[in-house]
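Enquirer: One file: model.cif (mmCIF, C-alpha atoms).
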```cif
data_protein
loop_
_atom_site.label_atom_id
_atom_site.label_comp_id
_atom_site.auth_asym_id
_atom_site.auth_seq_id
_atom_site.Cartn_x
_atom_site.Cartn_y
_atom_site.Cartn_z
CA MET A 1 11.44 1.27 41.49
CA ASN A 2 9.40 -1.52 39.87
CA ASP A 3 10.91 -3.33 36.92
CA PRO A 4 8.05 -3.90 34.41
CA SER A 5 9.80 -6.87 32.79
CA ARG A 6 10.24 -8.49 36.20
CA ASP A 7 6.55 -7.96 36.91
CA PHE A 8 5.68 -9.59 33.60
CA ASN A 9 8.00 -12.50 34.44
CA GLU A 10 6.18 -12.99 37.75
CA VAL A 11 2.79 -12.86 36.05
CA ILE A 12 3.86 -15.47 33.49
CA ARG A 13 5.25 -17.70 36.22
CA THR A 14 1.90 -17.52 38.03
CA ILE A 15 -0.11 -18.16 34.87
CA ILE A 16 1.98 -21.19 33.90
CA LYS A 17 1.60 -22.64 37.38
CA ASP A 18 -2.20 -22.50 36.96
CA ASP A 19 -2.33 -23.21 33.21
CA PRO A 20 0.72 -25.10 31.89
CA ARG A 21 -0.62 -25.57 28.33
CA TYR A 22 1.62 -22.91 26.81
CA ALA A 23 5.36 -22.31 27.06
CA ARG A 24 6.70 -19.15 28.67
CA ALA A 25 7.98 -18.01 25.26
CA ALA A 26 4.40 -18.02 23.91
CA TYR A 27 3.46 -15.20 26.29
CA TYR A 28 6.49 -13.11 25.35
CA PHE A 29 5.78 -13.72 21.68
CA LEU A 30 2.16 -12.65 22.10
CA ARG A 31 3.20 -9.46 23.89
CA GLN A 32 5.62 -8.62 21.05
CA ALA A 33 3.03 -9.54 18.40
CA LEU A 34 0.54 -7.21 20.08
CA ASP A 35 3.02 -4.31 19.91
CA TYR A 36 3.79 -5.19 16.28
CA SER A 37 0.05 -5.28 15.46
CA LEU A 38 -0.63 -1.93 17.10
CA LYS A 39 2.19 -0.26 15.17
CA ALA A 40 1.21 -1.85 11.85
CA LEU A 41 -2.48 -0.96 12.17
CA HIS A 42 -1.65 2.57 13.28
CA LYS A 43 0.70 3.01 10.32
CA ARG A 44 -2.03 1.82 7.93
CA GLY A 45 -4.62 4.08 9.59
CA GLU A 46 -6.75 1.09 10.62
CA LEU A 47 -6.68 1.69 14.37
CA ASN A 48 -9.15 3.83 16.26
CA LYS A 49 -8.13 6.22 19.04
CA THR A 50 -8.73 3.67 21.80
CA ASN A 51 -5.82 1.52 20.52
CA HIS A 52 -8.04 -1.50 21.14
CA LEU A 53 -7.62 -4.43 18.78
CA THR A 54 -10.31 -6.93 17.91
CA GLY A 55 -9.48 -10.61 18.06
CA LYS A 56 -9.45 -10.69 14.26
CA GLN A 57 -7.03 -7.74 14.05
CA LEU A 58 -4.71 -9.31 16.60
CA LEU A 59 -4.77 -12.67 14.81
CA GLY A 60 -3.75 -10.95 11.57
CA GLY A 61 -0.90 -9.17 13.31
CA ILE A 62 0.21 -12.36 15.05
CA ARG A 63 0.37 -14.13 11.70
CA GLU A 64 2.38 -11.32 10.06
CA TYR A 65 4.75 -11.07 13.03
CA ALA A 66 5.30 -14.84 13.25
CA ILE A 67 6.12 -15.05 9.54
CA GLU A 68 8.42 -12.03 9.79
CA GLN A 69 10.25 -13.48 12.81
CA TYR A 70 10.36 -17.19 11.97
CA GLY A 71 9.66 -17.52 8.25
CA PRO A 72 8.84 -21.10 7.24
CA MET A 73 9.53 -22.23 10.83
CA ALA A 74 6.65 -20.16 12.25
CA ARG A 75 4.17 -23.02 12.60
CA PRO A 76 6.67 -25.49 14.14
CA VAL A 77 7.82 -22.83 16.61
CA LEU A 78 4.25 -22.00 17.64
CA GLU A 79 3.39 -25.70 17.96
CA HIS A 80 6.49 -26.23 20.10
CA TRP A 81 5.05 -23.62 22.47
CA GLY A 82 1.69 -25.44 22.58
CA ILE A 83 -0.08 -23.15 20.09
CA ASN A 84 -1.86 -25.26 17.48
CA GLU A 85 -4.85 -23.12 16.53
CA CYS A 86 -6.10 -19.55 16.79
CA ARG A 87 -8.13 -20.37 19.91
CA ASP A 88 -4.81 -20.94 21.71
CA PHE A 89 -3.91 -17.28 21.10
CA GLY A 90 -7.26 -16.34 22.64
CA ASN A 91 -6.54 -18.49 25.69
CA ILE A 92 -3.18 -16.76 26.14
CA VAL A 93 -4.75 -13.31 25.70
CA PHE A 94 -7.45 -14.04 28.26
CA ASN A 95 -4.92 -15.50 30.71
CA LEU A 96 -3.18 -12.11 30.46
CA VAL A 97 -6.51 -10.28 30.80
CA GLU A 98 -7.28 -12.20 34.00
CA CYS A 99 -3.95 -11.03 35.43
CA ASN A 100 -4.65 -7.41 34.41
CA VAL A 101 -1.77 -7.34 31.93
CA LEU A 102 -4.15 -6.73 29.01
CA GLY A 103 -7.51 -5.00 28.95
CA LYS A 104 -10.72 -6.00 27.26
CA THR A 105 -14.10 -4.52 26.45
CA ASP A 106 -17.43 -6.06 27.41
CA GLN A 107 -17.72 -7.28 23.80
CA ASP A 108 -14.38 -9.15 23.84
CA ASN A 109 -14.55 -12.90 24.25
CA VAL A 110 -12.14 -15.80 23.90
CA GLU A 111 -14.47 -17.08 21.16
CA ASP A 112 -13.34 -14.11 19.01
CA PHE A 113 -10.19 -16.17 18.36
CA SER A 114 -11.97 -19.41 17.41
CA GLY A 115 -11.82 -20.24 13.74
CA GLY A 116 -9.48 -17.42 12.72
CA TYR A 117 -7.32 -19.22 10.19
CA HIS A 118 -6.05 -22.72 9.55
CA PHE A 119 -2.42 -22.91 10.66
CA ALA A 120 -1.11 -24.85 7.67
CA ALA A 121 -2.67 -22.39 5.24
CA ALA A 122 -1.62 -19.33 7.24
CA PHE A 123 1.96 -20.29 7.99
CA ASP A 124 3.00 -22.87 5.37
CA ARG A 125 1.35 -21.68 2.16
CA PRO A 126 3.40 -18.45 1.84
CA PHE A 127 6.55 -20.56 1.58
CA ARG A 128 5.37 -23.24 -0.83
CA PRO A 129 6.84 -23.02 -4.32
CA LYS A 130 4.56 -21.53 -6.93
CA ARG A 131 3.22 -24.04 -9.39
CA ILE A 132 4.45 -23.54 -12.90
CA LYS A 133 1.82 -23.98 -15.57
CA PRO A 134 2.93 -26.43 -18.24
CA THR A 135 3.57 -24.90 -21.61
CA THR A 136 1.73 -26.13 -24.67
CA LYS A 137 4.84 -25.97 -26.82
CA LYS A 138 7.05 -28.99 -26.99
CA PRO A 139 10.71 -28.29 -26.30
CA ARG A 140 12.93 -28.34 -29.37
CA MET A 141 15.69 -30.82 -29.44
CA GLY A 142 18.82 -29.39 -30.95
#
```
Spit out the file's structure as structure tokens when you get a sec.

Expert:
Amino acid sequence: MNDPSRDFNEVIRTIIKDDPRYARAAYYFLRQALDYSLKALHKRGELNKTNHLTGKQLLGGIREYAIEQYGPMARPVLEHWGINECRDFGNIVFNLVECNVLGKTDQDNVEDFSGGYHFAAAFDRPFRPKRIKPTTKKPRMG
């Protein structure tokens, strides 16, 4: 019987041989983030019956999943894997599409992932301390 995880391992090995830009862990992360995104969108009633995500929907799920998994270390972890911008997620997705691991529609394009969000804003801002507005009252000295 075929072991699906072994098949995925072989696919990743082949992809990395041809395109070494991204670490092996990036592909596993993306696969988990896709599952996370599907479940979250389904739960919120934002997924149609085809279970097909747009690039924008997947980027949102990736961001949520990365923050949930890695907290303030999300951006450094992604950068360690070679992922520095949303387009990198698109490259990984389309590497998986080319190997028939993921499907796509005729409207899907790697450009759907360009722009997306700025990594510092998406992954760092949620963990920055909130600014406290200065009070107009002077503190009393006792």

Enquirer: Pick from A:Phe94, A:Trp81, A:Tyr28, A:Phe123: nearest to A:Arg13, with all atoms listed in the file counted?

Expert: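 Going through A:Phe94, A:Trp81, A:Tyr28, A:Phe123 one by one, the smallest distance to A:Arg13 is for A:Tyr28.
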
Enquirer: For A:Glu68, which residue among A:Ala26, A:Thr105, A:His52, A:Pro126 is the nearest when counting all atoms listed in the file?

Expert: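 Closest to A:Glu68, using all atoms listed in the file: A:Pro126.
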
Enquirer: Work out how far apart atom CA of A:Thr50 and atom CA of A:Val11 are and give it in Å to one decimal.

Expert: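 Going from atom CA of A:Thr50 over to atom CA of A:Val11 covers 24.7 Å.
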
Enquirer: Using all atoms listed in the file for the distances, tell me which of A:Tyr70, A:Phe119, A:Tyr65, A:Phe8 is nearest to A:Arg24.

Expert: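 Answer, going by the shortest atom-to-atom distance: A:Phe8.
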
Enquirer: Report, in Å to a single decimal, how far apart atom CA of A:Ala121 and atom CA of A:Arg63 are.

Expert: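 That distance, rounded to one decimal, is 10.9 Å.
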
Enquirer: Tell me which residues the PyMOL selection byres ((chain A and resi 54) around 12) grabs here, as a short mmCIF file (atom, residue, chain, number, x, y, z; two decimals) with C-alpha atoms, keeping the file's coordinate frame.

Expert:
```cif
data_model
loop_
_atom_site.label_atom_id
_atom_site.label_comp_id
_atom_site.auth_asym_id
_atom_site.auth_seq_id
_atom_site.Cartn_x
_atom_site.Cartn_y
_atom_site.Cartn_z
CA LEU A 34 0.54 -7.21 20.08
CA SER A 37 0.05 -5.28 15.46
CA LEU A 38 -0.63 -1.93 17.10
CA LEU A 41 -2.48 -0.96 12.17
CA GLU A 46 -6.75 1.09 10.62
CA LEU A 47 -6.68 1.69 14.37
CA ASN A 48 -9.15 3.83 16.26
CA THR A 50 -8.73 3.67 21.80
CA ASN A 51 -5.82 1.52 20.52
CA HIS A 52 -8.04 -1.50 21.14
CA LEU A 53 -7.62 -4.43 18.78
CA GLY A 55 -9.48 -10.61 18.06
CA LYS A 56 -9.45 -10.69 14.26
CA GLN A 57 -7.03 -7.74 14.05
CA LEU A 58 -4.71 -9.31 16.60
CA LEU A 59 -4.77 -12.67 14.81
CA GLY A 60 -3.75 -10.95 11.57
CA GLY A 61 -0.90 -9.17 13.31
CA GLY A 90 -7.26 -16.34 22.64
CA VAL A 93 -4.75 -13.31 25.70
CA GLY A 103 -7.51 -5.00 28.95
CA LYS A 104 -10.72 -6.00 27.26
CA THR A 105 -14.10 -4.52 26.45
CA ASP A 106 -17.43 -6.06 27.41
CA GLN A 107 -17.72 -7.28 23.80
CA ASP A 108 -14.38 -9.15 23.84
CA ASN A 109 -14.55 -12.90 24.25
CA VAL A 110 -12.14 -15.80 23.90
CA GLU A 111 -14.47 -17.08 21.16
CA ASP A 112 -13.34 -14.11 19.01
CA PHE A 113 -10.19 -16.17 18.36
CA GLY A 116 -9.48 -17.42 12.72
#
```

Enquirer: Counting only C-alpha atoms, figure out which residue out of A:Arg44, A:Lys17, A:Ile67, A:Leu30 gets nearest to A:Asp124.

Expert: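 That would be A:Ile67, the residue with the smallest distance to A:Asp124.
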
Enquirer: Closest to A:Ala40 among A:Glu79, A:Asp7, A:Glu64, A:Asp88, using only C-alpha atoms?

Expert: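 Nearest candidate to A:Ala40 out of A:Glu79, A:Asp7, A:Glu64, A:Asp88: A:Glu64.
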
Enquirer: Taking the file as shown, what set of residues would the PyMOL selection byres ((chain A and resi 25) around 12) give back, as a PyMOL selection string?

Expert: chain A and resi 9+12-13+16+21-24+26-33+77-83+92

Enquirer: With C-alpha atoms retained, write the just-selected residues as a PDB file, in the coordinates of the input.

Expert:
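Okay, result00.pdb is ready:
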```
ATOM      1  CA  ASN A   9       8.000 -12.500  34.440  1.00  0.00           C
ATOM      2  CA  ILE A  12       3.860 -15.470  33.490  1.00  0.00           C
ATOM      3  CA  ARG A  13       5.250 -17.700  36.220  1.00  0.00           C
ATOM      4  CA  ILE A  16       1.980 -21.190  33.900  1.00  0.00           C
ATOM      5  CA  ARG A  21      -0.620 -25.570  28.330  1.00  0.00           C
ATOM      6  CA  TYR A  22       1.620 -22.910  26.810  1.00  0.00           C
ATOM      7  CA  ALA A  23       5.360 -22.310  27.060  1.00  0.00           C
ATOM      8  CA  ARG A  24       6.700 -19.150  28.670  1.00  0.00           C
ATOM      9  CA  ALA A  26       4.400 -18.020  23.910  1.00  0.00           C
ATOM     10  CA  TYR A  27       3.460 -15.200  26.290  1.00  0.00           C
ATOM     11  CA  TYR A  28       6.490 -13.110  25.350  1.00  0.00           C
ATOM     12  CA  PHE A  29       5.780 -13.720  21.680  1.00  0.00           C
ATOM     13  CA  LEU A  30       2.160 -12.650  22.100  1.00  0.00           C
ATOM     14  CA  ARG A  31       3.200  -9.460  23.890  1.00  0.00           C
ATOM     15  CA  GLN A  32       5.620  -8.620  21.050  1.00  0.00           C
ATOM     16  CA  ALA A  33       3.030  -9.540  18.400  1.00  0.00           C
ATOM     17  CA  VAL A  77       7.820 -22.830  16.610  1.00  0.00           C
ATOM     18  CA  LEU A  78       4.250 -22.000  17.640  1.00  0.00           C
ATOM     19  CA  GLU A  79       3.390 -25.700  17.960  1.00  0.00           C
ATOM     20  CA  HIS A  80       6.490 -26.230  20.100  1.00  0.00           C
ATOM     21  CA  TRP A  81       5.050 -23.620  22.470  1.00  0.00           C
ATOM     22  CA  GLY A  82       1.690 -25.440  22.580  1.00  0.00           C
ATOM     23  CA  ILE A  83      -0.080 -23.150  20.090  1.00  0.00           C
ATOM     24  CA  ILE A  92      -3.180 -16.760  26.140  1.00  0.00           C
TER      25      ILE A  92
END
```

Enquirer: Just to confirm, what's the straight-line distance from atom CA of A:Asn95 to atom CA of A:Gly71 in Å (one decimal)?

Expert: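 Atom CA of A:Gly71 lies at a distance of 26.9 Å from atom CA of A:Asn95.
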
Enquirer: Set the distance at 10 Å and use all atoms listed in the file: which residues neighbour A:Gly115 once local chain neighbours fewer than 6 positions away are removed? I'd like the list as a PyMOL selection string.

Expert: chain A and resi 56+85-87

Enquirer: Hey, which of A:Lys130, A:Ala74, A:Lys43, A:Glu98 ends up closest to A:Ile62? Count all atoms listed in the file.

Expert: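 Of A:Lys130, A:Ala74, A:Lys43, A:Glu98, the one nearest A:Ile62, counting all atoms listed in the file, is A:Ala74.
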
Enquirer: Would you save stretch 12-39 of chain A from the block above with N, CA and C atoms, as a PDB file, in the first residue's frame?

Expert:
```pdb
ATOM      1  N   ILE A  12       8.677  16.432  -2.556  1.00  0.00           N
ATOM      2  CA  ILE A  12       9.449  17.564  -2.031  1.00  0.00           C
ATOM      3  C   ILE A  12      10.921  17.406  -2.387  1.00  0.00           C
ATOM      4  N   ARG A  13      11.433  16.212  -2.261  1.00  0.00           N
ATOM      5  CA  ARG A  13      12.832  15.957  -2.620  1.00  0.00           C
ATOM      6  C   ARG A  13      13.084  16.327  -4.086  1.00  0.00           C
ATOM      7  N   THR A  14      12.170  15.949  -4.958  1.00  0.00           N
ATOM      8  CA  THR A  14      12.291  16.262  -6.383  1.00  0.00           C
ATOM      9  C   THR A  14      12.205  17.763  -6.628  1.00  0.00           C
ATOM     10  N   ILE A  15      11.240  18.410  -5.978  1.00  0.00           N
ATOM     11  CA  ILE A  15      11.083  19.858  -6.154  1.00  0.00           C
ATOM     12  C   ILE A  15      12.349  20.582  -5.722  1.00  0.00           C
ATOM     13  N   ILE A  16      12.875  20.240  -4.552  1.00  0.00           N
ATOM     14  CA  ILE A  16      14.042  20.943  -4.017  1.00  0.00           C
ATOM     15  C   ILE A  16      15.274  20.725  -4.900  1.00  0.00           C
ATOM     16  N   LYS A  17      15.348  19.573  -5.525  1.00  0.00           N
ATOM     17  CA  LYS A  17      16.460  19.321  -6.445  1.00  0.00           C
ATOM     18  C   LYS A  17      16.410  20.305  -7.620  1.00  0.00           C
ATOM     19  N   ASP A  18      15.184  20.569  -8.112  1.00  0.00           N
ATOM     20  CA  ASP A  18      14.999  21.476  -9.245  1.00  0.00           C
ATOM     21  C   ASP A  18      14.917  22.944  -8.835  1.00  0.00           C
ATOM     22  N   ASP A  19      14.415  23.211  -7.631  1.00  0.00           N
ATOM     23  CA  ASP A  19      14.220  24.584  -7.153  1.00  0.00           C
ATOM     24  C   ASP A  19      14.603  24.654  -5.673  1.00  0.00           C
ATOM     25  N   PRO A  20      15.875  24.912  -5.391  1.00  0.00           N
ATOM     26  CA  PRO A  20      16.355  24.885  -3.996  1.00  0.00           C
ATOM     27  C   PRO A  20      16.104  26.161  -3.193  1.00  0.00           C
ATOM     28  N   ARG A  21      15.267  27.071  -3.688  1.00  0.00           N
ATOM     29  CA  ARG A  21      15.057  28.346  -2.987  1.00  0.00           C
ATOM     30  C   ARG A  21      14.446  28.191  -1.607  1.00  0.00           C
ATOM     31  N   TYR A  22      13.619  27.160  -1.412  1.00  0.00           N
ATOM     32  CA  TYR A  22      12.863  27.040  -0.172  1.00  0.00           C
ATOM     33  C   TYR A  22      13.222  25.747   0.557  1.00  0.00           C
ATOM     34  N   ALA A  23      13.268  25.838   1.873  1.00  0.00           N
ATOM     35  CA  ALA A  23      13.589  24.680   2.708  1.00  0.00           C
ATOM     36  C   ALA A  23      12.445  23.662   2.651  1.00  0.00           C
ATOM     37  N   ARG A  24      12.795  22.438   2.905  1.00  0.00           N
ATOM     38  CA  ARG A  24      11.822  21.341   2.962  1.00  0.00           C
ATOM     39  C   ARG A  24      10.674  21.691   3.911  1.00  0.00           C
ATOM     40  N   ALA A  25      10.998  22.267   5.058  1.00  0.00           N
ATOM     41  CA  ALA A  25       9.979  22.611   6.059  1.00  0.00           C
ATOM     42  C   ALA A  25       8.942  23.584   5.514  1.00  0.00           C
ATOM     43  N   ALA A  26       9.320  24.426   4.555  1.00  0.00           N
ATOM     44  CA  ALA A  26       8.382  25.388   3.978  1.00  0.00           C
ATOM     45  C   ALA A  26       7.226  24.679   3.278  1.00  0.00           C
ATOM     46  N   TYR A  27       7.518  23.572   2.629  1.00  0.00           N
ATOM     47  CA  TYR A  27       6.481  22.812   1.929  1.00  0.00           C
ATOM     48  C   TYR A  27       5.533  22.122   2.914  1.00  0.00           C
ATOM     49  N   TYR A  28       6.081  21.589   3.982  1.00  0.00           N
ATOM     50  CA  TYR A  28       5.241  20.958   5.002  1.00  0.00           C
ATOM     51  C   TYR A  28       4.374  22.008   5.687  1.00  0.00           C
ATOM     52  N   PHE A  29       4.976  23.155   5.982  1.00  0.00           N
ATOM     53  CA  PHE A  29       4.228  24.250   6.588  1.00  0.00           C
ATOM     54  C   PHE A  29       3.074  24.664   5.680  1.00  0.00           C
ATOM     55  N   LEU A  30       3.347  24.838   4.390  1.00  0.00           N
ATOM     56  CA  LEU A  30       2.309  25.272   3.468  1.00  0.00           C
ATOM     57  C   LEU A  30       1.174  24.247   3.405  1.00  0.00           C
ATOM     58  N   ARG A  31       1.515  22.999   3.398  1.00  0.00           N
ATOM     59  CA  ARG A  31       0.488  21.938   3.369  1.00  0.00           C
ATOM     60  C   ARG A  31      -0.387  22.020   4.628  1.00  0.00           C
ATOM     61  N   GLN A  32       0.227  22.239   5.785  1.00  0.00           N
ATOM     62  CA  GLN A  32      -0.534  22.358   7.030  1.00  0.00           C
ATOM     63  C   GLN A  32      -1.355  23.644   7.046  1.00  0.00           C
ATOM     64  N   ALA A  33      -0.779  24.729   6.528  1.00  0.00           N
ATOM     65  CA  ALA A  33      -1.494  26.010   6.481  1.00  0.00           C
ATOM     66  C   ALA A  33      -2.697  25.926   5.547  1.00  0.00           C
ATOM     67  N   LEU A  34      -2.582  25.150   4.489  1.00  0.00           N
ATOM     68  CA  LEU A  34      -3.706  24.951   3.584  1.00  0.00           C
ATOM     69  C   LEU A  34      -4.842  24.221   4.305  1.00  0.00           C
ATOM     70  N   ASP A  35      -4.518  23.159   5.012  1.00  0.00           N
ATOM     71  CA  ASP A  35      -5.540  22.440   5.795  1.00  0.00           C
ATOM     72  C   ASP A  35      -6.185  23.357   6.827  1.00  0.00           C
ATOM     73  N   TYR A  36      -5.358  24.134   7.522  1.00  0.00           N
ATOM     74  CA  TYR A  36      -5.842  25.081   8.521  1.00  0.00           C
ATOM     75  C   TYR A  36      -6.805  26.084   7.864  1.00  0.00           C
ATOM     76  N   SER A  37      -6.416  26.605   6.711  1.00  0.00           N
ATOM     77  CA  SER A  37      -7.227  27.603   6.003  1.00  0.00           C
ATOM     78  C   SER A  37      -8.562  27.031   5.574  1.00  0.00           C
ATOM     79  N   LEU A  38      -8.539  25.816   5.034  1.00  0.00           N
ATOM     80  CA  LEU A  38      -9.789  25.170   4.613  1.00  0.00           C
ATOM     81  C   LEU A  38     -10.745  25.008   5.790  1.00  0.00           C
ATOM     82  N   LYS A  39     -10.234  24.535   6.914  1.00  0.00           N
ATOM     83  CA  LYS A  39     -11.074  24.340   8.099  1.00  0.00           C
ATOM     84  C   LYS A  39     -11.619  25.666   8.619  1.00  0.00           C
TER      85      LYS A  39
END
```
